[in-house]
$ cat my_file-v1.txt   # compact mmCIF, C-alpha atoms and all ligand atoms
# COMPACT_ATOMS: atom_id res chain seq x y z
CA MET A 9 0.00 0.00 0.00
CA LYS A 10 1.31 3.42 -0.94
CA LEU A 11 0.29 6.24 1.40
CA LEU A 12 0.77 9.76 0.08
CA LEU A 13 1.74 12.28 2.77
CA LEU A 14 0.08 15.66 2.44
CA THR A 15 1.32 16.82 5.81
CA GLU A 16 2.99 20.12 5.05
CA GLY A 17 3.27 22.26 8.19
CA PHE A 18 3.24 19.15 10.38
CA ASP A 19 6.43 17.67 11.76
CA PHE A 20 6.13 14.25 10.19
CA THR A 21 9.76 13.37 10.77
CA GLY A 22 11.26 11.26 13.58
CA ALA A 23 8.62 9.61 15.73
CA TRP A 24 5.94 9.46 13.01
CA ARG A 25 8.11 7.81 10.40
CA GLN A 26 9.52 5.45 13.04
CA ALA A 27 5.99 4.52 14.13
CA PHE A 28 5.10 3.59 10.54
CA GLY A 29 8.34 1.59 10.26
CA ARG A 30 7.61 -0.33 13.47
CA LEU A 31 3.83 -0.71 13.38
CA ALA A 32 3.05 -0.75 9.67
CA PRO A 33 6.20 -1.80 7.78
CA GLU A 34 4.08 -2.88 4.82
CA VAL A 35 2.99 0.73 4.21
CA GLU A 36 5.13 2.67 1.75
CA LEU A 37 5.17 6.39 2.57
CA VAL A 38 5.13 8.50 -0.58
CA ALA A 39 6.28 12.13 -0.56
CA THR A 40 4.27 14.86 -2.24
CA ASP A 41 5.45 15.71 -5.76
CA SER A 42 7.49 12.50 -5.95
CA ALA A 43 7.38 10.24 -8.99
CA ASP A 44 5.22 7.79 -6.99
CA GLU A 45 2.46 10.28 -6.20
CA ALA A 46 0.17 9.06 -8.99
CA ASP A 47 0.38 5.48 -7.63
CA ALA A 48 -0.91 6.38 -4.16
CA ASP A 49 -3.58 4.02 -2.82
CA ALA A 50 -4.48 6.41 -0.01
CA ALA A 51 -3.56 9.88 1.22
CA LEU A 52 -2.82 11.11 4.73
CA ILE A 53 -3.75 14.75 5.12
CA TYR A 54 -2.92 17.37 7.71
CA GLN A 55 -4.61 20.70 7.05
CA ALA A 56 -3.28 20.75 3.47
CA THR A 57 -4.71 23.05 0.85
CA LEU A 58 -5.83 20.43 -1.63
CA ASP A 59 -6.94 22.48 -4.64
CA GLY A 60 -8.37 19.43 -6.37
CA ARG A 61 -5.07 17.58 -6.04
CA LEU A 62 -6.63 14.33 -4.79
CA ALA A 63 -8.96 14.18 -7.78
CA ARG A 64 -5.87 13.74 -9.96
CA LEU A 65 -4.79 10.49 -8.24
CA PRO A 66 -6.24 7.65 -10.34
CA ARG A 67 -5.68 4.81 -7.82
CA LEU A 68 -6.79 6.64 -4.68
CA LYS A 69 -9.14 4.50 -2.55
CA ALA A 70 -9.25 6.34 0.78
CA ILE A 71 -8.40 9.63 2.46
CA PHE A 72 -7.08 9.65 6.03
CA ALA A 73 -7.28 12.85 8.09
CA LEU A 74 -4.53 13.43 10.62
CA ALA A 75 -7.22 14.94 12.86
CA ALA A 76 -10.61 14.04 14.30
CA GLY A 77 -12.17 17.12 12.69
CA VAL A 78 -12.44 17.05 8.90
CA ASP A 79 -13.96 20.48 8.24
CA GLN A 80 -10.88 21.79 6.47
CA LEU A 81 -10.64 18.72 4.27
CA LEU A 82 -14.27 19.01 3.19
CA CYS A 83 -13.63 22.53 1.91
CA ASP A 84 -12.14 21.05 -1.28
CA PRO A 85 -15.01 20.92 -3.80
CA HIS A 86 -13.08 18.37 -5.91
CA LEU A 87 -12.59 15.64 -3.29
CA PRO A 88 -12.80 12.26 -5.01
CA ASP A 89 -15.65 10.00 -3.98
CA VAL A 90 -13.67 7.69 -1.68
CA PRO A 91 -14.11 7.08 2.07
CA ILE A 92 -12.75 9.81 4.35
CA VAL A 93 -11.44 8.45 7.65
CA PRO A 94 -11.02 10.76 10.69
CA LEU A 95 -8.71 9.98 13.60
CA ALA A 96 -10.71 8.24 16.30
CA ASN A 97 -8.93 6.32 19.00
CA ASP A 98 -9.11 5.73 22.75
CA GLU A 99 -6.10 7.91 23.39
CA LEU A 100 -7.79 10.95 21.82
CA ALA A 101 -10.87 10.32 23.94
CA ALA A 102 -8.71 10.03 27.07
CA LEU A 103 -6.88 13.28 26.31
CA MET A 104 -10.11 15.18 25.65
CA ARG A 105 -11.56 13.76 28.86
CA GLU A 106 -8.55 15.01 30.84
CA TYR A 107 -8.76 18.45 29.25
CA VAL A 108 -12.46 18.78 30.00
CA ILE A 109 -12.15 17.55 33.59
CA TYR A 110 -9.21 19.84 34.35
CA HIS A 111 -10.86 22.97 33.01
CA CYS A 112 -14.37 22.25 34.27
CA ILE A 113 -13.03 21.74 37.77
CA GLY A 114 -10.78 24.80 37.37
CA MET A 115 -13.69 27.03 36.36
CA HIS A 116 -16.07 25.46 38.87
CA ARG A 117 -13.57 26.06 41.73
CA ARG A 118 -12.55 29.48 40.28
CA PHE A 119 -8.89 28.46 40.14
CA HIS A 120 -8.33 31.00 37.36
CA GLU A 121 -9.13 33.71 39.94
CA VAL A 122 -6.80 32.07 42.44
CA ALA A 123 -3.99 32.07 39.85
CA ALA A 124 -4.61 35.79 39.20
CA LEU A 125 -4.35 36.48 42.94
CA GLN A 126 -1.02 34.66 43.06
CA ARG A 127 0.30 36.74 40.17
CA GLN A 128 -0.61 39.84 42.19
CA GLY A 129 1.01 38.41 45.35
CA ARG A 130 -2.35 38.64 47.15
CA TRP A 131 -3.50 36.26 49.87
CA SER A 132 -7.21 36.73 49.54
CA TRP A 133 -9.55 34.15 50.91
CA MET A 134 -12.45 33.20 48.67
CA PRO A 135 -15.71 31.70 49.94
CA ALA A 136 -15.91 27.93 49.43
CA SER A 137 -17.39 26.78 46.13
CA PRO A 138 -20.35 24.46 46.28
CA SER A 139 -19.39 20.91 45.34
CA ALA A 140 -19.66 19.55 41.81
CA SER A 141 -22.92 17.86 42.75
CA THR A 142 -24.63 21.26 42.54
CA ARG A 143 -23.22 22.20 39.11
CA ARG A 144 -25.07 21.44 35.92
CA VAL A 145 -22.82 20.77 32.94
CA THR A 146 -24.11 20.34 29.39
CA VAL A 147 -21.81 18.69 26.87
CA LEU A 148 -22.63 19.72 23.28
CA GLY A 149 -21.61 16.80 21.06
CA LEU A 150 -21.92 13.24 22.39
CA GLY A 151 -19.60 11.61 19.88
CA ARG A 152 -16.38 9.65 20.25
CA LEU A 153 -14.87 12.48 22.31
CA GLY A 154 -17.91 14.15 23.86
CA LEU A 155 -19.55 11.09 25.40
CA PRO A 156 -16.46 9.90 27.33
CA ALA A 157 -15.98 13.46 28.63
CA ALA A 158 -19.63 13.61 29.73
CA ARG A 159 -19.29 10.26 31.49
CA ALA A 160 -16.15 11.40 33.31
CA LEU A 161 -17.85 14.60 34.50
CA SER A 162 -20.75 12.52 35.75
CA ALA A 163 -18.37 10.20 37.61
CA LEU A 164 -16.91 13.27 39.33
CA GLY A 165 -20.35 14.16 40.64
CA PHE A 166 -21.39 16.93 38.23
CA ILE A 167 -25.02 16.95 37.08
CA VAL A 168 -24.48 16.15 33.42
CA SER A 169 -26.63 16.61 30.35
CA GLY A 170 -25.59 15.98 26.78
CA TRP A 171 -26.78 17.25 23.43
CA SER A 172 -26.47 15.66 20.03
CA ARG A 173 -28.10 15.75 16.59
CA THR A 174 -29.80 12.37 16.97
CA PRO A 175 -31.32 10.77 20.12
CA LYS A 176 -28.93 9.04 22.54
CA ILE A 177 -29.22 7.04 25.73
CA ALA A 178 -26.34 7.17 28.25
CA PRO A 179 -26.74 6.05 31.87
CA GLY A 180 -26.43 8.97 34.31
CA ILE A 181 -26.56 11.59 31.55
CA ARG A 182 -29.70 13.47 30.59
CA CYS A 183 -29.55 13.26 26.79
CA ARG A 184 -31.40 15.66 24.52
CA PHE A 185 -31.18 16.32 20.81
CA GLY A 186 -32.14 18.86 18.18
CA SER A 187 -33.12 22.46 18.71
CA ASP A 188 -35.97 21.67 21.13
CA GLY A 189 -33.55 19.66 23.23
CA LEU A 190 -31.11 22.57 23.35
CA THR A 191 -33.90 24.97 24.32
CA GLU A 192 -34.76 22.68 27.22
CA LEU A 193 -31.17 22.29 28.42
CA LEU A 194 -29.78 25.83 28.23
CA PRO A 195 -31.70 27.46 31.13
CA GLU A 196 -30.54 24.55 33.33
CA THR A 197 -26.84 24.72 32.42
CA ASP A 198 -24.09 26.29 34.54
CA ILE A 199 -21.18 25.07 32.38
CA VAL A 200 -21.39 24.57 28.60
CA VAL A 201 -18.77 22.22 27.15
CA CYS A 202 -18.63 22.26 23.36
CA ILE A 203 -17.06 19.26 21.61
CA LEU A 204 -18.92 19.70 18.35
CA PRO A 205 -17.53 19.43 14.83
CA SER A 206 -17.61 22.46 12.57
CA THR A 207 -20.51 21.98 10.15
CA ALA A 208 -23.02 24.20 8.41
CA GLU A 209 -25.37 23.60 11.37
CA THR A 210 -22.93 24.17 14.23
CA CYS A 211 -21.24 27.25 12.75
CA GLY A 212 -21.76 30.20 15.13
CA LEU A 213 -23.95 28.15 17.50
CA LEU A 214 -22.13 29.59 20.53
CA SER A 215 -23.64 33.01 20.03
CA ARG A 216 -25.31 35.82 21.91
CA ASP A 217 -28.63 34.05 21.45
CA LEU A 218 -27.31 30.90 23.15
CA PHE A 219 -25.42 32.77 25.90
CA TYR A 220 -28.52 34.69 26.97
CA ARG A 221 -30.58 31.52 27.31
CA LEU A 222 -28.15 30.33 30.03
CA PRO A 223 -28.37 31.33 33.71
CA ARG A 224 -26.45 34.55 34.39
CA GLY A 225 -22.74 34.03 35.05
CA ALA A 226 -22.53 30.70 33.20
CA LEU A 227 -19.17 29.23 32.20
CA LEU A 228 -18.08 28.13 28.72
CA LEU A 229 -15.50 25.64 27.44
CA ASN A 230 -14.96 25.28 23.68
CA ALA A 231 -12.72 22.43 22.54
CA GLY A 232 -14.70 21.63 19.36
CA ARG A 233 -13.94 24.09 16.60
CA GLY A 234 -13.43 27.85 16.53
CA ALA A 235 -16.13 28.21 13.89
CA CYS A 236 -18.74 27.08 16.44
CA LEU A 237 -18.11 30.28 18.45
CA ASN A 238 -19.03 33.85 17.59
CA GLU A 239 -16.03 35.52 19.24
CA THR A 240 -17.53 39.03 19.19
CA ASP A 241 -20.66 37.77 20.93
CA LEU A 242 -18.55 36.07 23.59
CA LEU A 243 -16.59 39.27 24.29
CA TYR A 244 -19.90 41.10 24.68
CA ALA A 245 -21.35 38.44 27.03
CA LEU A 246 -18.14 38.42 29.12
CA LYS A 247 -18.15 42.20 29.48
CA ASP A 248 -21.80 42.10 30.47
CA GLY A 249 -21.22 39.31 33.04
CA GLN A 250 -23.64 36.95 31.30
CA ILE A 251 -20.70 34.56 30.81
CA SER A 252 -18.33 34.74 33.76
CA HIS A 253 -15.39 32.82 32.31
CA ALA A 254 -14.50 31.00 29.09
CA THR A 255 -11.85 28.38 28.39
CA LEU A 256 -11.04 28.24 24.69
CA ASP A 257 -8.82 25.74 22.89
CA VAL A 258 -9.95 26.46 19.32
CA PHE A 259 -10.38 29.73 17.46
CA SER A 260 -11.81 31.08 14.24
CA ALA A 261 -8.26 31.82 13.06
CA GLU A 262 -5.33 29.76 14.34
CA PRO A 263 -2.77 30.59 15.55
CA LEU A 264 -4.67 33.19 17.57
CA ALA A 265 -3.38 36.64 16.53
CA SER A 266 -1.00 38.13 19.10
CA ASP A 267 -3.23 41.21 19.49
CA HIS A 268 -6.47 39.22 19.91
CA PRO A 269 -8.36 40.45 23.02
CA PHE A 270 -8.73 36.86 24.31
CA TRP A 271 -5.03 36.66 25.16
CA ARG A 272 -5.13 39.28 27.90
CA HIS A 273 -8.78 38.99 28.88
CA PRO A 274 -9.06 38.40 32.66
CA HIS A 275 -12.01 36.05 32.14
CA VAL A 276 -10.65 33.96 29.27
CA THR A 277 -8.29 31.02 29.48
CA VAL A 278 -6.54 30.37 26.16
CA THR A 279 -4.92 27.05 25.26
CA PRO A 280 -3.33 26.63 21.81
CA HIS A 281 -5.43 23.83 20.30
CA LEU A 282 -3.94 21.06 22.38
CA ALA A 283 -6.93 19.45 24.06
CA ALA A 284 -6.46 16.12 22.28
CA ASP A 285 -3.53 15.48 19.95
CA ALA A 286 -2.93 11.92 18.81
CA SER A 287 0.45 10.35 19.53
CA PRO A 288 2.25 8.79 16.55
CA ASP A 289 1.81 5.22 17.83
CA ALA A 290 -1.94 5.48 18.44
CA ALA A 291 -2.60 7.23 15.13
CA VAL A 292 -0.39 4.91 13.09
CA CYS A 293 -2.01 1.78 14.62
CA GLU A 294 -5.40 3.11 13.70
CA ILE A 295 -4.42 4.13 10.15
CA ALA A 296 -2.63 0.81 9.57
CA THR A 297 -5.72 -1.12 10.68
CA ASN A 298 -7.80 0.70 8.10
CA LEU A 299 -5.16 0.28 5.38
CA ARG A 300 -5.28 -3.47 6.02
CA ARG A 301 -9.05 -3.38 5.74
CA LEU A 302 -8.64 -1.52 2.47
CA ALA A 303 -6.24 -4.17 1.16
CA GLN A 304 -8.74 -6.90 2.11
CA GLY A 305 -11.72 -5.07 0.65
CA VAL A 306 -13.33 -4.73 4.09
CA PRO A 307 -15.26 -1.48 4.85
CA LEU A 308 -13.24 1.19 6.67
CA ALA A 309 -14.40 2.63 10.00
CA PRO A 310 -15.23 5.22 11.06
CA ILE A 311 -15.95 7.18 7.92
CA VAL A 312 -17.16 10.73 7.48
CA ASN A 313 -20.67 11.47 6.28
CA ARG A 314 -19.97 14.20 3.74
CA THR A 315 -23.53 15.47 3.72
CA LEU A 316 -23.52 16.00 7.49
CA GLY A 317 -19.93 17.28 7.47
CA TYR A 318 -18.57 15.03 10.23
P1 LIG B 1 -17.97 12.60 16.37
O1 LIG B 1 -18.28 12.68 14.93
O2 LIG B 1 -17.74 11.28 17.00
O3 LIG B 1 -19.15 13.30 17.22
C1 LIG B 1 -19.73 14.51 16.86
C2 LIG B 1 -20.88 14.77 17.81
O4 LIG B 1 -21.44 16.06 17.49
C3 LIG B 1 -22.01 13.74 17.66
O5 LIG B 1 -22.56 13.43 18.92
C4 LIG B 1 -23.04 14.50 16.82
O6 LIG B 1 -24.38 14.10 17.01
C5 LIG B 1 -22.84 15.91 17.34
N1 LIG B 1 -23.37 16.88 16.38
C6 LIG B 1 -22.95 17.12 15.12
N2 LIG B 1 -23.73 18.05 14.53
C7 LIG B 1 -24.65 18.40 15.46
C8 LIG B 1 -25.75 19.28 15.46
N3 LIG B 1 -26.07 20.02 14.39
N4 LIG B 1 -26.50 19.37 16.57
C9 LIG B 1 -26.21 18.62 17.66
N5 LIG B 1 -25.18 17.76 17.73
C10 LIG B 1 -24.42 17.65 16.64
O7 LIG B 1 -16.73 13.55 16.57
P2 LIG B 1 -15.62 13.50 17.73
O8 LIG B 1 -16.29 13.35 19.05
O9 LIG B 1 -14.55 12.53 17.36
O10 LIG B 1 -14.97 14.96 17.58
C11 LIG B 1 -15.76 16.12 17.73
C12 LIG B 1 -14.97 17.33 17.31
O11 LIG B 1 -13.99 17.65 18.28
C13 LIG B 1 -14.15 17.18 16.02
O12 LIG B 1 -14.95 17.31 14.87
C14 LIG B 1 -13.16 18.32 16.15
O13 LIG B 1 -13.73 19.49 15.61
C15 LIG B 1 -13.02 18.50 17.67
N6 LIG B 1 -11.70 18.08 18.13
C16 LIG B 1 -10.94 19.00 18.81
C17 LIG B 1 -9.72 18.65 19.28
C18 LIG B 1 -8.89 19.62 20.05
O14 LIG B 1 -7.72 19.32 20.31
N7 LIG B 1 -9.45 20.74 20.47
C19 LIG B 1 -9.15 17.31 19.08
C20 LIG B 1 -10.02 16.43 18.37
C21 LIG B 1 -11.25 16.82 17.92
P3 LIG B 1 -24.87 12.61 16.62
O15 LIG B 1 -24.21 11.71 17.65
O16 LIG B 1 -26.32 12.67 16.76
O17 LIG B 1 -24.37 12.35 15.22
C1 LIG B 2 -8.54 17.29 15.57
C2 LIG B 2 -7.97 18.38 16.28
O1 LIG B 2 -9.53 17.50 14.92
O2 LIG B 2 -6.83 18.29 16.67
O3 LIG B 2 -8.02 16.17 15.71
O4 LIG B 2 -8.64 19.38 16.49
$ encode --input "my_file-v1.txt" --output "structure tokens"
Amino acid sequence: MKLLLLTEGFDFTGAWRQAFGRLAPEVELVATDSADEADADAALIYQATLDGRLARLPRLKAIFALAAGVDQLLCDPHLPDVPIVPLANDELAALMREYVIYHCIGMHRRFHEVAALQRQGRWSWMPASPSASTRRVTVLGLGRLGLPAARALSALGFIVSGWSRTPKIAPGIRCRFGSDGLTELLPETDIVVCILPSTAETCGLLSRDLFYRLPRGALLLNAGRGACLNETDLLYALKDGQISHATLDVFSAEPLASDHPFWRHPHVTVTPHLAADASPDAAVCEIATNLRRLAQGVPLAPIVNRTLGY
């Protein structure tokens, strides 16, 4: 199997190549613009600008994203009609779970305020927070990453709801779907955790309209995609006190511009899109499994639904 690497801007040297050598020695890695490009059976893509390039590969049978989110990939109007496979492994779910737990507890216990006091050298006692069992968290997106995060929050004692496009059942989690489901959940949500993909439907969902349907002073965590958030609306809601703090891992433009108001905002925690990054070994195992399926003519999994956009 020949796997074309369209991974410009991604450090694909060292550990990644070694992982392929160790875990998938049968896979031949093909460099972009090399003589072998036209023979590629599959392509591995990291945020590349494709410009119809994949449509010119006559033997291409699958496209692998080096990410769980495929929004950027789907921007190419000339994508060939072959399965698109996102990254989806237990390690990613574990990392997202850790990120969500850390920041939900941090916001719930107001540790960002404690850190600010330390920076000012101020010993200032703060009244005790209520325990997690009084906090209502709603996880938007109950997929491969959202559901494990929701379960972990529930195990910590938070009162957890989850929202998805289609109906779900998850023990201990109040699951709702569709716009009526969201309308029901928002007034009963103290912390919104967004782990949604960027699609036509989720674009700008985290907006003034949504913020003002939450109880006053609600908290927000966005680890889905920057496009889900209207940044201007968030700045307004923060200034007004409707949202009391936001933790953001993803942004409409990345890297976040050095003069963006989020960087120095006292009620925003910025992390540089690191909530869940696959390690070479986990990603290569997963890709190799699907390449073997491809060689055997077995259906690949999971695959992206292009109409839905995730
Ligand atoms: P999945 O495809 O497994 O899950 C997506 C979830 O979103 C599903 O529950 C789906 O509902 C729900 N959803 C999609 N559209 C809507 C909608 N219109 N209304 C309500 N719910 C909707 O994706 P993953 O869990 O693997 O990943 C989610 C996203 O997380 C990725 O697309 C990516 O953008 C982001 N991500 C961010 C990372 C980071 O480091 N910050 C790392 C990895 C991913 P249903 O179940 O009904 O289909
Ligand atoms: C991803 C991401 O989609 O890193 O995997 O955001």
$ closest_residue --input "my_file-v1.txt" --among "A:Pro269, A:Pro223, A:Gly212, A:Pro175" --to "ligand LIG 1 (chain B)" --atoms "all atoms listed in the file"
A:Pro175
$ atom_distance --input "my_file-v1.txt" --atom1 "CA of Pro33 (chain A)" --atom2 "CA of Ala70 (chain A)"
18.8 Å
$ residues_near_ligand --input "my_file-v1.txt" --ligand "ligand LIG 2 (chain B)" --cutoff "12 Å" --atoms "all atoms listed in the file" --output "PDB file with C-alpha atoms, keeping the file's coordinate frame"
ATOM      1  CA  PHE A  18       3.240  19.150  10.380  1.00  0.00           C
ATOM      2  CA  ILE A  53      -3.750  14.750   5.120  1.00  0.00           C
ATOM      3  CA  TYR A  54      -2.920  17.370   7.710  1.00  0.00           C
ATOM      4  CA  GLN A  55      -4.610  20.700   7.050  1.00  0.00           C
ATOM      5  CA  PHE A  72      -7.080   9.650   6.030  1.00  0.00           C
ATOM      6  CA  ALA A  73      -7.280  12.850   8.090  1.00  0.00           C
ATOM      7  CA  LEU A  74      -4.530  13.430  10.620  1.00  0.00           C
ATOM      8  CA  ALA A  75      -7.220  14.940  12.860  1.00  0.00           C
ATOM      9  CA  ALA A  76     -10.610  14.040  14.300  1.00  0.00           C
ATOM     10  CA  GLY A  77     -12.170  17.120  12.690  1.00  0.00           C
ATOM     11  CA  VAL A  78     -12.440  17.050   8.900  1.00  0.00           C
ATOM     12  CA  ASP A  79     -13.960  20.480   8.240  1.00  0.00           C
ATOM     13  CA  GLN A  80     -10.880  21.790   6.470  1.00  0.00           C
ATOM     14  CA  LEU A  81     -10.640  18.720   4.270  1.00  0.00           C
ATOM     15  CA  VAL A  93     -11.440   8.450   7.650  1.00  0.00           C
ATOM     16  CA  PRO A  94     -11.020  10.760  10.690  1.00  0.00           C
ATOM     17  CA  LEU A  95      -8.710   9.980  13.600  1.00  0.00           C
ATOM     18  CA  ALA A  96     -10.710   8.240  16.300  1.00  0.00           C
ATOM     19  CA  ASN A  97      -8.930   6.320  19.000  1.00  0.00           C
ATOM     20  CA  GLU A  99      -6.100   7.910  23.390  1.00  0.00           C
ATOM     21  CA  LEU A 100      -7.790  10.950  21.820  1.00  0.00           C
ATOM     22  CA  ALA A 101     -10.870  10.320  23.940  1.00  0.00           C
ATOM     23  CA  LEU A 103      -6.880  13.280  26.310  1.00  0.00           C
ATOM     24  CA  MET A 104     -10.110  15.180  25.650  1.00  0.00           C
ATOM     25  CA  ARG A 152     -16.380   9.650  20.250  1.00  0.00           C
ATOM     26  CA  LEU A 153     -14.870  12.480  22.310  1.00  0.00           C
ATOM     27  CA  ILE A 203     -17.060  19.260  21.610  1.00  0.00           C
ATOM     28  CA  LEU A 204     -18.920  19.700  18.350  1.00  0.00           C
ATOM     29  CA  PRO A 205     -17.530  19.430  14.830  1.00  0.00           C
ATOM     30  CA  SER A 206     -17.610  22.460  12.570  1.00  0.00           C
ATOM     31  CA  ASN A 230     -14.960  25.280  23.680  1.00  0.00           C
ATOM     32  CA  ALA A 231     -12.720  22.430  22.540  1.00  0.00           C
ATOM     33  CA  GLY A 232     -14.700  21.630  19.360  1.00  0.00           C
ATOM     34  CA  ARG A 233     -13.940  24.090  16.600  1.00  0.00           C
ATOM     35  CA  GLY A 234     -13.430  27.850  16.530  1.00  0.00           C
ATOM     36  CA  ALA A 235     -16.130  28.210  13.890  1.00  0.00           C
ATOM     37  CA  ASP A 257      -8.820  25.740  22.890  1.00  0.00           C
ATOM     38  CA  VAL A 258      -9.950  26.460  19.320  1.00  0.00           C
ATOM     39  CA  PHE A 259     -10.380  29.730  17.460  1.00  0.00           C
ATOM     40  CA  GLU A 262      -5.330  29.760  14.340  1.00  0.00           C
ATOM     41  CA  PRO A 280      -3.330  26.630  21.810  1.00  0.00           C
ATOM     42  CA  HIS A 281      -5.430  23.830  20.300  1.00  0.00           C
ATOM     43  CA  LEU A 282      -3.940  21.060  22.380  1.00  0.00           C
ATOM     44  CA  ALA A 283      -6.930  19.450  24.060  1.00  0.00           C
ATOM     45  CA  ALA A 284      -6.460  16.120  22.280  1.00  0.00           C
ATOM     46  CA  ASP A 285      -3.530  15.480  19.950  1.00  0.00           C
ATOM     47  CA  ALA A 286      -2.930  11.920  18.810  1.00  0.00           C
ATOM     48  CA  SER A 287       0.450  10.350  19.530  1.00  0.00           C
ATOM     49  CA  ALA A 291      -2.600   7.230  15.130  1.00  0.00           C
ATOM     50  CA  TYR A 318     -18.570  15.030  10.230  1.00  0.00           C
TER      51      TYR A 318
END
$ axis_aligned_box --input "my_file-v1.txt" --around "region 80-88 of chain A" --padding-each-side "3 Å" --output "AutoDock Vina command-line options"
--center_x -12.8 --center_y 17.4 --center_z 0.3 --size_x 10.4 --size_y 16.3 --size_z 18.4
$ closest_residue --input "my_file-v1.txt" --among "A:Val306, A:Leu222, A:Leu125, A:Val108" --to "ligand LIG 1 (chain B)" --atoms "only C-alpha atoms and all ligand atoms"
A:Val108
$ closest_residue --input "my_file-v1.txt" --among "A:Leu194, A:Gly22, A:Gly129, A:Ala160" --to "Tyr107 (chain A)" --atoms "all atoms listed in the file"
A:Ala160
$ residues_around --input "my_file-v1.txt" --residues "Leu243 (chain A)" --least-positions-apart "4" --cutoff "10 Å" --atoms "all atoms listed in the file" --output "VMD selection string"
chain A and resid 216 238 to 239 247 to 249 251 254 269 to 270 273 275 to 276
$ residues_near_point --input "my_file-v1.txt" --point "(-18.5, 13.0, 37.2)" --cutoff "10 Å" --atoms "all atoms listed in the file" --output "JSON, numbers by chain"
{"A": [109, 140, 141, 145, 157, 158, 159, 160, 161, 162, 163, 164, 165, 166, 167, 168, 180, 181]}
$ write_last_selection --input "my_file-v1.txt" --atoms "C-alpha atoms" --output "CSV table (one decimal), keeping the file's coordinate frame"
chain,number,residue,atom,x,y,z
A,109,ILE,CA,-12.2,17.6,33.6
A,140,ALA,CA,-19.7,19.6,41.8
A,141,SER,CA,-22.9,17.9,42.8
A,145,VAL,CA,-22.8,20.8,32.9
A,157,ALA,CA,-16.0,13.5,28.6
A,158,ALA,CA,-19.6,13.6,29.7
A,159,ARG,CA,-19.3,10.3,31.5
A,160,ALA,CA,-16.2,11.4,33.3
A,161,LEU,CA,-17.8,14.6,34.5
A,162,SER,CA,-20.8,12.5,35.8
A,163,ALA,CA,-18.4,10.2,37.6
A,164,LEU,CA,-16.9,13.3,39.3
A,165,GLY,CA,-20.4,14.2,40.6
A,166,PHE,CA,-21.4,16.9,38.2
A,167,ILE,CA,-25.0,17.0,37.1
A,168,VAL,CA,-24.5,16.2,33.4
A,180,GLY,CA,-26.4,9.0,34.3
A,181,ILE,CA,-26.6,11.6,31.6
$ closest_residue --input "my_file-v1.txt" --among "A:Leu214, A:Leu31, A:Leu264, A:Ala102" --to "Leu242 (chain A)" --atoms "only C-alpha atoms"
A:Leu214
$ residues_near_point --input "my_file-v1.txt" --point "(-4.7, 15.1, -7.4)" --cutoff "10 Å" --atoms "only C-alpha atoms" --output "list in words"
Glu45, Ala46, Leu58, Asp59, Gly60, Arg61, Leu62, Ala63, Arg64, Leu65, Pro66, Leu68, His86, Leu87 and Pro88 of chain A
$ atom_distance --input "my_file-v1.txt" --atom1 "CA of Ile92 (chain A)" --atom2 "CA of Asn313 (chain A)"
8.3 Å
$ decode --input "my_file-v1.txt" --residues "region 84-94 of chain A" --atoms "N, CA and C atoms" --output "PDB file, in the first residue's frame"
ATOM      1  N   ASP A  84     -12.550  21.262   0.117  1.00  0.00           N
ATOM      2  CA  ASP A  84     -12.136  21.049  -1.277  1.00  0.00           C
ATOM      3  C   ASP A  84     -13.338  20.547  -2.092  1.00  0.00           C
ATOM      4  N   PRO A  85     -13.825  21.342  -3.052  1.00  0.00           N
ATOM      5  CA  PRO A  85     -15.008  20.917  -3.805  1.00  0.00           C
ATOM      6  C   PRO A  85     -14.717  19.763  -4.759  1.00  0.00           C
ATOM      7  N   HIS A  86     -13.429  19.420  -4.936  1.00  0.00           N
ATOM      8  CA  HIS A  86     -13.078  18.367  -5.908  1.00  0.00           C
ATOM      9  C   HIS A  86     -12.633  17.076  -5.233  1.00  0.00           C
ATOM     10  N   LEU A  87     -13.013  16.875  -3.984  1.00  0.00           N
ATOM     11  CA  LEU A  87     -12.593  15.640  -3.294  1.00  0.00           C
ATOM     12  C   LEU A  87     -13.126  14.430  -4.044  1.00  0.00           C
ATOM     13  N   PRO A  88     -12.286  13.456  -4.337  1.00  0.00           N
ATOM     14  CA  PRO A  88     -12.799  12.258  -5.011  1.00  0.00           C
ATOM     15  C   PRO A  88     -13.766  11.502  -4.104  1.00  0.00           C
ATOM     16  N   ASP A  89     -14.615  10.696  -4.732  1.00  0.00           N
ATOM     17  CA  ASP A  89     -15.652   9.997  -3.983  1.00  0.00           C
ATOM     18  C   ASP A  89     -15.103   8.707  -3.378  1.00  0.00           C
ATOM     19  N   VAL A  90     -14.222   8.851  -2.395  1.00  0.00           N
ATOM     20  CA  VAL A  90     -13.667   7.686  -1.683  1.00  0.00           C
ATOM     21  C   VAL A  90     -13.895   7.932  -0.199  1.00  0.00           C
ATOM     22  N   PRO A  91     -13.856   6.874   0.633  1.00  0.00           N
ATOM     23  CA  PRO A  91     -14.110   7.082   2.067  1.00  0.00           C
ATOM     24  C   PRO A  91     -13.095   8.045   2.676  1.00  0.00           C
ATOM     25  N   ILE A  92     -13.610   8.900   3.581  1.00  0.00           N
ATOM     26  CA  ILE A  92     -12.746   9.807   4.355  1.00  0.00           C
ATOM     27  C   ILE A  92     -12.749   9.294   5.794  1.00  0.00           C
ATOM     28  N   VAL A  93     -11.558   9.064   6.324  1.00  0.00           N
ATOM     29  CA  VAL A  93     -11.439   8.451   7.651  1.00  0.00           C
ATOM     30  C   VAL A  93     -10.844   9.473   8.625  1.00  0.00           C
ATOM     31  N   PRO A  94     -11.584   9.840   9.686  1.00  0.00           N
ATOM     32  CA  PRO A  94     -11.017  10.756  10.688  1.00  0.00           C
ATOM     33  C   PRO A  94     -10.198   9.980  11.706  1.00  0.00           C
TER      34      PRO A  94
END
